[in-house]
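*Asks:* Supplied in structure tokens, the structure appears directly below.
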Amino acid sequence: MRLVKNILLFIIALVVGLYIFMPKTHLYYKAEELLEQKSITIGNEKIESDLRSLRVLHPVIYYQGAELARIEAVEVKPYIFINSVKLTNLEPLGIAKELGDITVAQLHLKHSLLKPFTIKLDSNGSFGVAHGTIDLKNRLVHIDIVEPKNIEPLKRVLKKAKKGWYYESKF
Amino acid sequence: MSRNSKKDFAGSLVALLLGLVVAKGGWSIIDFRSLPKKGVDTKQKVALKPLYYHYNLASKKEVVKPIVHKKPPKVVKIPKPVKKQIIPEKIESFLFKGLYNSNKKKYVVIEYLGKSVVLGLGEKFEGYKLINLKGTVATFQKGSKLYKLDLYKNKEQKSTSRSTPKSQVVFYKKPKKQLKNQEQATSQAAALSPHKEGETTVIPRDLFDRYRTNLRQIQKSINAVPYMVDGKLEGFRVNYIKKGSDFSKLGIQKGDIIIAVNGEPLNNLKVPIEFFKNLDTMTAATFTIKRGNEIKELEYEVR
């Protein structure tokens, strides 16, 4: 019994330790390197890291060297079992702006180890409110616009179903 | 506290500390062995040089062939303008139409008696030697006199003289009457004539402006997607052209891969973005396309 208790304590301490001692900034640099291989670069950012989370302030996203979007803040909470990324005030730039006058007030991505191949997505912005999933196994993005507002500029990339407008794309 | 409970407490403490130490040690090893200590430097990816106009000298038969200089000609310093009275010495039908200016190549395109003439840096035409090209201003020299031409100045441009203030050259746009007639003709026949192999396609200015201010219209008529090779952008593949549209007359076909614009390879999204930014001042453009195994150059002039 004592042994079981000690093993449990060890596991709890390990998980808490993994969370607290995680080199968040260096992991972010690694993510930057991996994204660069896909021609996506992040510039102009200020990184703040503490025991609980990592905050990337005012990053500008570039694709193939061209500006794609500016984000006010990205907050990453790596809780090991449940991880989340929250983007605030995403403003499309350059070629992405050609899509139309679209802004994203908030985009929340959640990943749980219980469903390792699914990322849940919640968003709201000038287009309304949207919920969706990213299926990592089938490489499929599906987003439902549940409360549409100004979706006119997005209509050419959206599809219509009985429930309403949705976006679906393979990657 | 009994001896057993003391042992219990010590065992729990050791388990907790061990868990934390293993976590810290694990991360330290990962951090040391495989995590970068610095972020990706984005400052090195600065803007490209501005796009100007490119002429394919080899394919233009009517164009005066440029003299190839092994060494770049010396740049003559331009003297300060003389404030004294200058009397113009006129040359017939000189029109500054475009330029191509990069670190390696510098060309200007001028129209003379209805024909386009391309001059490289250091080359002479009608006694005028192109000695410098800075921004949109080309400097010519004839004898000891220097003459300047600005691409964006449509009015007659007066030049300066270094030695004899009595002489000056005025580079003309076409006479106003002739220009008016041309404008009328363009507005009457705004339709685009179909592209002919090896020839420059002339796009009427009003038609060009209509599309320039309505990018949606372009998107409805033509669609091109990034063409990637090994994850790197190599150009744009045309996957749709509306039949009967103005774009179907430009000589571009479905399946073509546009690999360069004005000589700038399309390996970076900045190139097309710069191109679209400069549309309002554009008078000529060259598209390099790959059709099957063939490389073609399509030339356009906006008039």
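Every chain in the structure tokens has a letter given in the order shown (A, B, ...), and although residue numbers restart at 1 in each chain, ligands are simply numbered from 1 in the order shown.
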For the contact check between chain A and chain B, emit one row per residue of chain A within 7 Å, containing the shortest atom pair and the distance in Å rounded to one decimal, counting only C-alpha atoms, chain then rising number order, as a Markdown table.
*Replies:*
| residue | atom | partner | partner_atom | distance |
| --- | --- | --- | --- | --- |
| A:Asn6 | CA | B:Ser12 | CA | 5.4 |
| A:Ile7 | CA | B:Ala15 | CA | 6.9 |
| A:Leu9 | CA | B:Leu16 | CA | 5.7 |
| A:Phe10 | CA | B:Gly19 | CA | 4.7 |
| A:Ile11 | CA | B:Gly19 | CA | 6.4 |
| A:Ala13 | CA | B:Gly19 | CA | 4.6 |
| A:Leu14 | CA | B:Gly19 | CA | 4.1 |
| A:Gly17 | CA | B:Leu20 | CA | 4.8 |
| A:Leu18 | CA | B:Ala23 | CA | 4.9 |
| A:Phe21 | CA | B:Lys24 | CA | 5.7 |
| A:Met22 | CA | B:Trp27 | CA | 6.3 |
| A:Pro23 | CA | B:Asp31 | CA | 7.0 |
| A:His26 | CA | B:Leu35 | CA | 5.9 |
| A:Leu27 | CA | B:Leu35 | CA | 6.5 |
| A:Tyr29 | CA | B:Gly39 | CA | 4.7 |
| A:Lys30 | CA | B:Leu35 | CA | 6.0 |
| A:Glu32 | CA | B:Val40 | CA | 6.4 |
| A:Glu33 | CA | B:Val40 | CA | 6.4 |
| A:Lys38 | CA | B:Gly231 | CA | 6.9 |
| A:Gly43 | CA | B:Thr42 | CA | 5.6 |
| A:Gln64 | CA | B:Asn268 | CA | 5.4 |
| A:Gly65 | CA | B:Asn268 | CA | 6.2 |
| A:Ala66 | CA | B:Lys270 | CA | 5.2 |
*Asks:* Quick one: residues within 6 Å of stretch 195-211 of chain B, only C-alpha atoms, excluding same-chain residues fewer than 6 positions away - as an MDAnalysis selection string?
*Replies:* chainID B and resid 249:251 299:303
*Asks:* Between atom CA of B:Ala285 and atom CA of B:Thr136, what is the spacing in Å?
*Replies:* 16.0 Å
*Asks:* Taking the DSSP secondary structure from the backbone, can you list the residues of stretch 12-159 of chain A that are alpha helix (DSSP H), as a PDB file with C-alpha atoms, in the first residue's frame?
*Replies:*
ATOM      1  CA  ILE A  12       2.015  13.397  -9.704  1.00  0.00           C
ATOM      2  CA  ALA A  13       5.340  15.079  -8.943  1.00  0.00           C
ATOM      3  CA  LEU A  14       6.649  14.050 -12.391  1.00  0.00           C
ATOM      4  CA  VAL A  15       3.661  15.556 -14.213  1.00  0.00           C
ATOM      5  CA  VAL A  16       3.793  18.755 -12.142  1.00  0.00           C
ATOM      6  CA  GLY A  17       7.553  18.894 -12.673  1.00  0.00           C
ATOM      7  CA  LEU A  18       7.194  18.369 -16.421  1.00  0.00           C
ATOM      8  CA  TYR A  19       4.725  21.249 -16.505  1.00  0.00           C
ATOM      9  CA  ILE A  20       6.714  23.630 -14.279  1.00  0.00           C
ATOM     10  CA  LYS A  24       8.652  26.858 -22.976  1.00  0.00           C
ATOM     11  CA  THR A  25      10.671  29.516 -24.777  1.00  0.00           C
ATOM     12  CA  HIS A  26      13.076  26.988 -26.280  1.00  0.00           C
ATOM     13  CA  LEU A  27      10.173  24.770 -27.328  1.00  0.00           C
ATOM     14  CA  TYR A  28       8.676  27.832 -29.015  1.00  0.00           C
ATOM     15  CA  TYR A  29      11.958  28.358 -30.901  1.00  0.00           C
ATOM     16  CA  LYS A  30      11.792  24.718 -32.001  1.00  0.00           C
ATOM     17  CA  ALA A  31       8.221  25.250 -33.236  1.00  0.00           C
ATOM     18  CA  GLU A  32       9.463  28.321 -35.135  1.00  0.00           C
ATOM     19  CA  GLU A  33      12.158  26.178 -36.799  1.00  0.00           C
ATOM     20  CA  LEU A  34       9.601  23.531 -37.808  1.00  0.00           C
ATOM     21  CA  LEU A  35       7.258  26.186 -39.201  1.00  0.00           C
ATOM     22  CA  GLU A  36      10.113  27.733 -41.166  1.00  0.00           C
ATOM     23  CA  GLN A  37      10.504  24.431 -43.021  1.00  0.00           C
ATOM     24  CA  GLY A  94      -1.047  41.565 -47.447  1.00  0.00           C
ATOM     25  CA  ILE A  95      -2.373  38.818 -49.656  1.00  0.00           C
ATOM     26  CA  ALA A  96      -4.669  37.509 -46.876  1.00  0.00           C
ATOM     27  CA  LYS A  97      -6.324  40.935 -46.741  1.00  0.00           C
TER      28      LYS A  97
END
*Asks:* Return as JSON, numbers by chain the full set of residues in stretch 25-124 of chain A whose backbone-based DSSP assignment is strand (DSSP E).
*Replies:* {"A": [40, 41, 42, 43, 46, 47, 48, 49, 54, 55, 56, 57, 60, 61, 62, 63, 66, 67, 68, 69, 70, 71, 72, 73, 74, 75, 76, 77, 78, 79, 82, 83, 84, 85, 86, 87, 88, 89, 90, 91, 92, 104, 105, 106, 107, 108, 109, 110, 111, 112, 115, 116, 117, 118, 119, 120, 121, 122, 123, 124]}
*Asks:* Any idea what the distance is between atom CA of B:Ile289 and atom CA of B:Ile258?
*Replies:*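 Taking atom CA of B:Ile289 as the start and atom CA of B:Ile258 as the end point, the length is 4.3 Å.
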*Asks:* Work out how far apart atom CA of A:Asp135 and atom CA of A:Lys170 are and give it in Å to one decimal.
*Replies:*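 Computing the Euclidean distance for atom CA of A:Asp135 and atom CA of A:Lys170 yields 9.4 Å.
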*Asks:* Which is closest to A:Gly125 among A:Ser53, A:Ser169, A:Thr103, A:Asn83, if we use only C-alpha atoms?
*Replies:*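 Ranking A:Ser53, A:Ser169, A:Thr103, A:Asn83 by distance to A:Gly125, first place goes to A:Thr103.
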*Asks:* Hey, which of A:Val129, A:Ile47, A:Arg52, A:Ile102 ends up closest to A:Lys155? Count only C-alpha atoms.
*Replies:* A:Ile102
